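To be precise, the following lines are work-v3.pdb, and they hold PDB, C-alpha atoms.
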```
ATOM      1  CA  MET A   1      69.697 110.015 117.629  1.00  0.00           C
ATOM      2  CA  GLY A   2      68.784 106.315 117.706  1.00  0.00           C
ATOM      3  CA  ARG A   3      70.794 103.928 119.844  1.00  0.00           C
ATOM      4  CA  ALA A   4      71.868 101.787 116.872  1.00  0.00           C
ATOM      5  CA  ARG A   5      73.131 104.852 115.008  1.00  0.00           C
ATOM      6  CA  ARG A   6      75.041 106.091 118.052  1.00  0.00           C
ATOM      7  CA  GLU A   7      76.697 102.674 118.517  1.00  0.00           C
ATOM      8  CA  ARG A   8      77.713 102.680 114.841  1.00  0.00           C
ATOM      9  CA  GLU A   9      79.242 106.139 115.173  1.00  0.00           C
ATOM     10  CA  LEU A  10      81.163 105.123 118.296  1.00  0.00           C
ATOM     11  CA  VAL A  11      82.676 102.152 116.469  1.00  0.00           C
ATOM     12  CA  LEU A  12      83.691 104.422 113.582  1.00  0.00           C
ATOM     13  CA  GLU A  13      85.241 106.914 116.013  1.00  0.00           C
ATOM     14  CA  HIS A  14      87.269 104.189 117.713  1.00  0.00           C
ATOM     15  CA  LEU A  15      88.454 102.734 114.411  1.00  0.00           C
ATOM     16  CA  ALA A  16      89.507 106.185 113.253  1.00  0.00           C
ATOM     17  CA  GLU A  17      91.437 106.743 116.495  1.00  0.00           C
ATOM     18  CA  LEU A  18      93.183 103.401 116.141  1.00  0.00           C
ATOM     19  CA  ARG A  19      94.254 104.310 112.598  1.00  0.00           C
ATOM     20  CA  SER A  20      96.128 107.326 113.954  1.00  0.00           C
ATOM     21  CA  LEU A  21      98.389 105.140 116.115  1.00  0.00           C
ATOM     22  CA  PRO A  22     102.031 104.883 115.056  1.00  0.00           C
ATOM     23  CA  LEU A  23     102.898 101.449 113.679  1.00  0.00           C
ATOM     24  CA  GLY A  24     103.851  99.228 116.596  1.00  0.00           C
ATOM     25  CA  GLY A  25     102.155 101.588 119.052  1.00  0.00           C
ATOM     26  CA  MET A  26      99.435 100.822 121.537  1.00  0.00           C
ATOM     27  CA  PRO A  27      96.384 102.913 122.452  1.00  0.00           C
ATOM     28  CA  GLU A  28      96.843 105.538 125.117  1.00  0.00           C
ATOM     29  CA  PRO A  29      95.590 104.599 128.620  1.00  0.00           C
ATOM     30  CA  ALA A  30      92.929 107.306 128.344  1.00  0.00           C
ATOM     31  CA  PHE A  31      91.556 105.686 125.167  1.00  0.00           C
ATOM     32  CA  ARG A  32      91.446 102.218 126.753  1.00  0.00           C
ATOM     33  CA  GLU A  33      89.733 103.574 129.869  1.00  0.00           C
ATOM     34  CA  ARG A  34      87.148 105.489 127.816  1.00  0.00           C
ATOM     35  CA  LEU A  35      86.426 102.408 125.715  1.00  0.00           C
ATOM     36  CA  ARG A  36      85.995 100.294 128.854  1.00  0.00           C
ATOM     37  CA  ALA A  37      83.629 102.869 130.356  1.00  0.00           C
ATOM     38  CA  GLU A  38      81.538 103.020 127.169  1.00  0.00           C
ATOM     39  CA  ILE A  39      81.227  99.237 126.978  1.00  0.00           C
ATOM     40  CA  LEU A  40      80.256  98.985 130.650  1.00  0.00           C
ATOM     41  CA  SER A  41      77.785 101.867 130.409  1.00  0.00           C
ATOM     42  CA  GLY A  42      76.186 100.154 127.420  1.00  0.00           C
ATOM     43  CA  ALA A  43      75.747  97.004 129.469  1.00  0.00           C
ATOM     44  CA  LEU A  44      74.249  98.960 132.332  1.00  0.00           C
ATOM     45  CA  LEU A  45      71.835 100.777 130.044  1.00  0.00           C
ATOM     46  CA  GLU A  46      70.593  97.441 128.784  1.00  0.00           C
ATOM     47  CA  ALA A  47      70.427  95.793 132.213  1.00  0.00           C
ATOM     48  CA  PRO A  48      67.058  94.235 133.179  1.00  0.00           C
ATOM     49  CA  GLU A  49      64.746  96.443 135.201  1.00  0.00           C
ATOM     50  CA  PRO A  50      63.404  95.319 138.586  1.00  0.00           C
ATOM     51  CA  GLU A  51      60.438  92.973 138.366  1.00  0.00           C
ATOM     52  CA  ALA A  52      57.241  94.912 137.735  1.00  0.00           C
ATOM     53  CA  PRO A  53      54.104  94.552 139.887  1.00  0.00           C
ATOM     54  CA  ALA A  54      51.671  91.849 138.771  1.00  0.00           C
ATOM     55  CA  ARG A  55      49.075  94.321 137.364  1.00  0.00           C
ATOM     56  CA  ARG A  56      51.738  96.344 135.502  1.00  0.00           C
ATOM     57  CA  ARG A  57      52.893  95.170 132.052  1.00  0.00           C
ATOM     58  CA  PRO A  58      56.710  94.710 132.117  1.00  0.00           C
ATOM     59  CA  ALA A  59      58.763  96.817 129.705  1.00  0.00           C
ATOM     60  CA  ARG A  60      60.264  94.972 126.771  1.00  0.00           C
ATOM     61  CA  ARG A  61      63.998  94.452 127.199  1.00  0.00           C
ATOM     62  CA  ARG A  62      66.771  92.583 125.512  1.00  0.00           C
ATOM     63  CA  PRO A  63      67.493  89.143 127.023  1.00  0.00           C
ATOM     64  CA  LEU A  64      70.478  89.026 129.394  1.00  0.00           C
ATOM     65  CA  LEU A  65      72.280  86.498 127.203  1.00  0.00           C
ATOM     66  CA  ALA A  66      72.085  88.850 124.220  1.00  0.00           C
ATOM     67  CA  GLN A  67      73.425  91.708 126.359  1.00  0.00           C
ATOM     68  CA  LEU A  68      76.403  89.637 127.457  1.00  0.00           C
ATOM     69  CA  ALA A  69      77.066  88.474 123.911  1.00  0.00           C
ATOM     70  CA  MET A  70      77.050  92.073 122.649  1.00  0.00           C
ATOM     71  CA  LEU A  71      79.396  93.153 125.439  1.00  0.00           C
ATOM     72  CA  GLY A  72      81.798  90.304 124.737  1.00  0.00           C
ATOM     73  CA  LEU A  73      81.736  90.943 121.001  1.00  0.00           C
ATOM     74  CA  ALA A  74      82.474  94.648 121.456  1.00  0.00           C
ATOM     75  CA  ALA A  75      85.381  93.927 123.792  1.00  0.00           C
ATOM     76  CA  ALA A  76      86.819  91.229 121.514  1.00  0.00           C
ATOM     77  CA  MET A  77      86.507  93.447 118.469  1.00  0.00           C
ATOM     78  CA  MET A  78      88.392  96.309 120.063  1.00  0.00           C
ATOM     79  CA  ILE A  79      91.130  94.080 121.484  1.00  0.00           C
ATOM     80  CA  SER A  80      91.573  92.530 118.055  1.00  0.00           C
ATOM     81  CA  SER A  81      91.670  96.011 116.519  1.00  0.00           C
ATOM     82  CA  PHE A  82      94.679  96.966 118.660  1.00  0.00           C
ATOM     83  CA  ALA A  83      96.716  94.157 117.120  1.00  0.00           C
ATOM     84  CA  THR A  84      95.272  94.621 113.641  1.00  0.00           C
ATOM     85  CA  TYR A  85      96.189  98.295 113.371  1.00  0.00           C
ATOM     86  CA  ARG A  86      99.775  97.545 114.365  1.00  0.00           C
ATOM     87  CA  SER A  87     100.168  95.168 111.414  1.00  0.00           C
ATOM     88  CA  VAL A  88     102.127  95.888 108.229  1.00  0.00           C
ATOM     89  CA  PRO A  89     102.074  94.245 104.778  1.00  0.00           C
ATOM     90  CA  GLY A  90     103.032  90.606 105.094  1.00  0.00           C
ATOM     91  CA  ASP A  91     101.532  90.162 108.583  1.00  0.00           C
ATOM     92  CA  SER A  92      98.664  87.711 109.029  1.00  0.00           C
ATOM     93  CA  LEU A  93      96.336  90.410 110.371  1.00  0.00           C
ATOM     94  CA  TYR A  94      97.096  92.914 107.613  1.00  0.00           C
ATOM     95  CA  PRO A  95      94.136  91.908 105.376  1.00  0.00           C
ATOM     96  CA  LEU A  96      91.820  92.677 108.311  1.00  0.00           C
ATOM     97  CA  LYS A  97      93.396  96.102 108.638  1.00  0.00           C
ATOM     98  CA  ARG A  98      92.751  96.846 104.980  1.00  0.00           C
ATOM     99  CA  ALA A  99      89.193  95.497 105.223  1.00  0.00           C
ATOM    100  CA  ALA A 100      88.523  97.800 108.187  1.00  0.00           C
ATOM    101  CA  GLU A 101      89.829 100.780 106.216  1.00  0.00           C
ATOM    102  CA  SER A 102      87.535  99.905 103.304  1.00  0.00           C
ATOM    103  CA  THR A 103      84.618  99.666 105.713  1.00  0.00           C
ATOM    104  CA  LEU A 104      85.353 103.141 107.076  1.00  0.00           C
ATOM    105  CA  VAL A 105      85.284 104.510 103.536  1.00  0.00           C
ATOM    106  CA  ARG A 106      82.042 102.741 102.618  1.00  0.00           C
ATOM    107  CA  LEU A 107      80.297 103.882 105.797  1.00  0.00           C
ATOM    108  CA  SER A 108      81.290 107.526 105.298  1.00  0.00           C
ATOM    109  CA  SER A 109      78.338 109.833 104.858  1.00  0.00           C
ATOM    110  CA  ASP A 110      79.494 111.784 101.785  1.00  0.00           C
ATOM    111  CA  ASP A 111      82.264 112.242  99.219  1.00  0.00           C
ATOM    112  CA  ALA A 112      84.190 114.697 101.377  1.00  0.00           C
ATOM    113  CA  GLU A 113      84.388 112.267 104.288  1.00  0.00           C
ATOM    114  CA  ARG A 114      85.217 109.354 101.974  1.00  0.00           C
ATOM    115  CA  GLY A 115      87.976 111.394 100.399  1.00  0.00           C
ATOM    116  CA  GLU A 116      89.492 112.257 103.775  1.00  0.00           C
ATOM    117  CA  ARG A 117      89.424 108.623 104.858  1.00  0.00           C
ATOM    118  CA  GLU A 118      91.149 107.557 101.647  1.00  0.00           C
ATOM    119  CA  LEU A 119      93.836 110.156 102.247  1.00  0.00           C
ATOM    120  CA  ASP A 120      94.213 108.751 105.769  1.00  0.00           C
ATOM    121  CA  SER A 121      94.802 105.357 104.136  1.00  0.00           C
ATOM    122  CA  ALA A 122      97.463 106.903 101.899  1.00  0.00           C
ATOM    123  CA  LYS A 123      99.223 108.308 104.972  1.00  0.00           C
ATOM    124  CA  THR A 124      99.129 104.869 106.575  1.00  0.00           C
ATOM    125  CA  ARG A 125     100.660 103.295 103.451  1.00  0.00           C
ATOM    126  CA  ALA A 126     103.512 105.839 103.584  1.00  0.00           C
ATOM    127  CA  ARG A 127     104.272 104.907 107.201  1.00  0.00           C
ATOM    128  CA  GLU A 128     104.132 101.236 106.273  1.00  0.00           C
ATOM    129  CA  VAL A 129     106.687 101.758 103.483  1.00  0.00           C
ATOM    130  CA  ALA A 130     109.058 103.380 105.978  1.00  0.00           C
ATOM    131  CA  THR A 131     108.602 100.415 108.325  1.00  0.00           C
ATOM    132  CA  LEU A 132     109.082  97.841 105.565  1.00  0.00           C
ATOM    133  CA  LEU A 133     112.352  99.453 104.494  1.00  0.00           C
ATOM    134  CA  GLY A 134     113.721  98.687 107.926  1.00  0.00           C
ATOM    135  CA  SER A 135     112.753  95.034 107.601  1.00  0.00           C
ATOM    136  CA  ALA A 136     114.741  92.281 105.892  1.00  0.00           C
ATOM    137  CA  GLU A 137     111.524  90.866 104.409  1.00  0.00           C
ATOM    138  CA  GLY A 138     110.133  94.134 103.071  1.00  0.00           C
ATOM    139  CA  GLY A 139     111.599  94.056  99.544  1.00  0.00           C
ATOM    140  CA  PRO A 140     108.761  93.083  97.162  1.00  0.00           C
ATOM    141  CA  LEU A 141     106.108  94.475  99.489  1.00  0.00           C
ATOM    142  CA  VAL A 142     107.489  98.009  99.224  1.00  0.00           C
ATOM    143  CA  GLY A 143     106.542  98.465  95.567  1.00  0.00           C
ATOM    144  CA  ARG A 144     103.043  97.114  96.151  1.00  0.00           C
ATOM    145  CA  THR A 145     102.532  99.412  99.150  1.00  0.00           C
ATOM    146  CA  LEU A 146     103.758 102.428  97.166  1.00  0.00           C
ATOM    147  CA  LYS A 147     101.236 101.556  94.454  1.00  0.00           C
ATOM    148  CA  ASP A 148      98.398 101.280  97.010  1.00  0.00           C
ATOM    149  CA  MET A 149      99.475 104.621  98.493  1.00  0.00           C
ATOM    150  CA  GLU A 150      99.197 106.343  95.117  1.00  0.00           C
ATOM    151  CA  GLU A 151      95.825 104.755  94.313  1.00  0.00           C
ATOM    152  CA  SER A 152      94.368 105.865  97.664  1.00  0.00           C
ATOM    153  CA  THR A 153      95.793 109.348  97.178  1.00  0.00           C
ATOM    154  CA  ARG A 154      94.378 109.834  93.686  1.00  0.00           C
ATOM    155  CA  SER A 155      90.965 108.482  94.694  1.00  0.00           C
ATOM    156  CA  GLY A 156      90.835 110.615  97.842  1.00  0.00           C
ATOM    157  CA  ILE A 157      91.915 113.772  96.037  1.00  0.00           C
ATOM    158  CA  SER A 158      89.338 113.173  93.297  1.00  0.00           C
ATOM    159  CA  ARG A 159      86.529 112.815  95.846  1.00  0.00           C
ATOM    160  CA  LEU A 160      87.600 115.880  97.827  1.00  0.00           C
ATOM    161  CA  GLU A 161      87.922 118.043  94.727  1.00  0.00           C
ATOM    162  CA  ARG A 162      84.365 117.107  93.707  1.00  0.00           C
ATOM    163  CA  ALA A 163      82.930 117.753  97.163  1.00  0.00           C
ATOM    164  CA  GLU A 164      85.080 120.708  98.265  1.00  0.00           C
ATOM    165  CA  PRO A 165      86.821 122.422  95.326  1.00  0.00           C
ATOM    166  CA  ARG A 166      90.135 124.020  96.390  1.00  0.00           C
ATOM    167  CA  SER A 167      89.859 122.472  99.840  1.00  0.00           C
ATOM    168  CA  PRO A 168      92.818 123.447 102.080  1.00  0.00           C
ATOM    169  CA  LYS A 169      92.803 119.846 103.316  1.00  0.00           C
ATOM    170  CA  ILE A 170      94.365 118.792 100.006  1.00  0.00           C
ATOM    171  CA  LYS A 171      97.380 121.077 100.386  1.00  0.00           C
ATOM    172  CA  THR A 172      97.812 120.100 104.011  1.00  0.00           C
ATOM    173  CA  PHE A 173      97.771 116.423 103.070  1.00  0.00           C
ATOM    174  CA  ALA A 174     100.314 116.943 100.277  1.00  0.00           C
ATOM    175  CA  ARG A 175     102.722 118.854 102.505  1.00  0.00           C
ATOM    176  CA  ASP A 176     102.504 116.265 105.290  1.00  0.00           C
ATOM    177  CA  GLN A 177     102.917 113.374 102.873  1.00  0.00           C
ATOM    178  CA  LYS A 178     106.040 114.874 101.311  1.00  0.00           C
ATOM    179  CA  LYS A 179     107.642 114.947 104.758  1.00  0.00           C
ATOM    180  CA  VAL A 180     107.129 111.197 105.099  1.00  0.00           C
ATOM    181  CA  VAL A 181     107.934 110.049 101.567  1.00  0.00           C
ATOM    182  CA  GLY A 182     110.847 112.389 100.817  1.00  0.00           C
ATOM    183  CA  PRO A 183     113.266 111.037 103.457  1.00  0.00           C
ATOM    184  CA  ILE A 184     112.895 107.407 102.329  1.00  0.00           C
ATOM    185  CA  LEU A 185     113.981 107.996  98.715  1.00  0.00           C
ATOM    186  CA  THR A 186     117.615 107.098  99.409  1.00  0.00           C
ATOM    187  CA  GLN A 187     116.561 103.656 100.684  1.00  0.00           C
ATOM    188  CA  LEU A 188     114.630 102.633  97.557  1.00  0.00           C
ATOM    189  CA  ASP A 189     115.850 100.582  94.623  1.00  0.00           C
ATOM    190  CA  ASP A 190     115.545 101.898  91.067  1.00  0.00           C
ATOM    191  CA  SER A 191     111.982 100.740  90.343  1.00  0.00           C
ATOM    192  CA  GLN A 192     110.726 101.810  93.774  1.00  0.00           C
ATOM    193  CA  LEU A 193     112.483 105.155  93.411  1.00  0.00           C
ATOM    194  CA  ALA A 194     110.710 105.789  90.107  1.00  0.00           C
ATOM    195  CA  GLN A 195     107.372 105.066  91.789  1.00  0.00           C
ATOM    196  CA  ALA A 196     108.081 107.341  94.729  1.00  0.00           C
ATOM    197  CA  GLU A 197     109.395 110.204  92.606  1.00  0.00           C
ATOM    198  CA  GLY A 198     106.376 110.012  90.313  1.00  0.00           C
ATOM    199  CA  TYR A 199     104.162 110.160  93.403  1.00  0.00           C
ATOM    200  CA  LEU A 200     106.017 113.180  94.772  1.00  0.00           C
ATOM    201  CA  ASP A 201     105.686 114.933  91.405  1.00  0.00           C
ATOM    202  CA  TYR A 202     101.932 114.335  91.572  1.00  0.00           C
ATOM    203  CA  ILE A 203     101.428 115.685  95.085  1.00  0.00           C
ATOM    204  CA  GLU A 204     103.801 118.583  94.366  1.00  0.00           C
ATOM    205  CA  GLY A 205     101.202 119.810  91.924  1.00  0.00           C
ATOM    206  CA  LEU A 206      98.632 119.793  94.695  1.00  0.00           C
ATOM    207  CA  VAL A 207     100.489 122.436  96.692  1.00  0.00           C
ATOM    208  CA  ALA A 208     101.336 124.677  93.728  1.00  0.00           C
ATOM    209  CA  PRO A 209      99.765 128.167  93.810  1.00  0.00           C
ATOM    210  CA  ASP A 210      96.309 128.379  92.193  1.00  0.00           C
TER     211      ASP A 210
END
```
Would you write out, as structure tokens, the structure that this file holds?
Amino acid sequence: MGRARRERELVLEHLAELRSLPLGGMPEPAFRERLRAEILSGALLEAPEPEAPARRRPARRRPLLAQLAMLGLAAAMMISSFATYRSVPGDSLYPLKRAAESTLVRLSSDDAERGERELDSAKTRAREVATLLGSAEGGPLVGRTLKDMEESTRSGISRLERAEPRSPKIKTFARDQKKVVGPILTQLDDSQLAQAEGYLDYIEGLVAPD
């Protein structure tokens, strides 16, 4: 596996891990330590080799300045990601969170993986709705987030059904999502309640017997 491809996969893995954090949570110490070790090991792998003898042609290597820039960029990106993935609709960093989710979908290797990532986004929207309902400023953002949740769900289900007909992942997603959306119904106004109930009717059909 090429180095560039491995670095890309590591970034995707870290972004996926960050998405699983509860809203307002911070990465586990083990995750931070592993990330630090990977960044440092990358710098060491790219470190200049000792000066070669005069008659021996030196190996090509990346300039030290470029190595330091890459290291700093990686560290800054991950630190920024911690704050970004804690954001909810209405926060200044929230557009970056959504852009990162879209990037994960676009970089997925096939329809099955894209579908799973879109369902992950739908789960995140459900958690965001629950958080917004506990906020005084959440009102108009709740309906929009419910709409985004349904769009991600329908798109993800469509992709998964094409790639893996009758995939058990679909039923698992539907059952888990009902546990998050169901309890918030009593906190919704009439228009939001209609949205949420329509969504629950849709995912209920996903867990019905074949």
Item to complete: Name the residues in contact with segment 165-167 of chain A at a cut-off of 12 Å, using only C-alpha atoms, excluding same-chain residues fewer than 3 positions from it; report them as a list in words.
Response: Asp111, Ala112, Gly115, Glu116, Ile157, Ser158, Arg159, Leu160, Glu161, Arg162, Ile170, Lys171, Thr172, Phe173, Ala174, Leu206, Val207, Ala208, Pro209 and Asp210 of chain A
Mind checking which residues fall within 10 Å of segment 196-200 of chain A, counting all atoms listed in the file, ignoring those fewer than 2 positions away in the same chain, and posting them as a JSON list (two decimals) with C-alpha atoms, in the coordinates of the input?
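See out-v2.json below for the written result:
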```json
[["chain", "number", "residue", "atom", "x", "y", "z"],
["A", 143, "GLY", "CA", 106.54, 98.46, 95.57],
["A", 146, "LEU", "CA", 103.76, 102.43, 97.17],
["A", 147, "LYS", "CA", 101.24, 101.56, 94.45],
["A", 149, "MET", "CA", 99.48, 104.62, 98.49],
["A", 150, "GLU", "CA", 99.20, 106.34, 95.12],
["A", 151, "GLU", "CA", 95.82, 104.76, 94.31],
["A", 153, "THR", "CA", 95.79, 109.35, 97.18],
["A", 154, "ARG", "CA", 94.38, 109.83, 93.69],
["A", 174, "ALA", "CA", 100.31, 116.94, 100.28],
["A", 177, "GLN", "CA", 102.92, 113.37, 102.87],
["A", 178, "LYS", "CA", 106.04, 114.87, 101.31],
["A", 181, "VAL", "CA", 107.93, 110.05, 101.57],
["A", 182, "GLY", "CA", 110.85, 112.39, 100.82],
["A", 184, "ILE", "CA", 112.90, 107.41, 102.33],
["A", 185, "LEU", "CA", 113.98, 108.00, 98.72],
["A", 188, "LEU", "CA", 114.63, 102.63, 97.56],
["A", 190, "ASP", "CA", 115.54, 101.90, 91.07],
["A", 191, "SER", "CA", 111.98, 100.74, 90.34],
["A", 192, "GLN", "CA", 110.73, 101.81, 93.77],
["A", 193, "LEU", "CA", 112.48, 105.16, 93.41],
["A", 194, "ALA", "CA", 110.71, 105.79, 90.11],
["A", 202, "TYR", "CA", 101.93, 114.34, 91.57],
["A", 203, "ILE", "CA", 101.43, 115.68, 95.08],
["A", 204, "GLU", "CA", 103.80, 118.58, 94.37],
["A", 205, "GLY", "CA", 101.20, 119.81, 91.92],
["A", 206, "LEU", "CA", 98.63, 119.79, 94.70]]
```
Discussion item. Considering only C-alpha atoms, can you say which of A:Thr145, A:Ser102, A:Ser108, A:Ser152 comes closest to Ala122 of chain A?
Written reply: A:Ser152
Item to complete: Evaluate the PyMOL selection byres ((chain A and resi 96) around 10) on the structure here and hand back the selected residues as a VMD selection string.
Response: chain A and resid 80 to 81 84 to 85 87 92 to 95 97 to 102
Practice prompt. Enter the distance from atom CA of Arg114 of chain A to atom CA of Ser155 of chain A, in Å, rounded to one decimal.
Written response: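 Interatomic distance here is 9.3 Å.
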Fill in: Counting only C-alpha atoms, the option among A:Val88, A:Val105, A:Ala163, A:Leu133 closest to Ser121 of chain A
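So, comparing all the options, the nearest one is A:Val105.
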Worksheet item: Quick one: distance from atom CA of Gln187 of chain A to atom CA of Asp120 of chain A in Å, one decimal?
Response: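 Separating atom CA of Gln187 of chain A from atom CA of Asp120 of chain A is a distance of 23.5 Å.
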As AutoDock Vina command-line options: centre and edge lengths in Å, one decimal, of the axis-aligned box holding segment 179-195 of chain A with 5 Å per side:
```
--center_x 112.4 --center_y 107.8 --center_z 97.6 --size_x 20.5 --size_y 24.4 --size_z 25.0
```
Fill in: Straight-line distance linking atom CA of Leu104 of chain A with atom CA of Arg125 of chain A, stated in Å to one decimal
15.7 Å
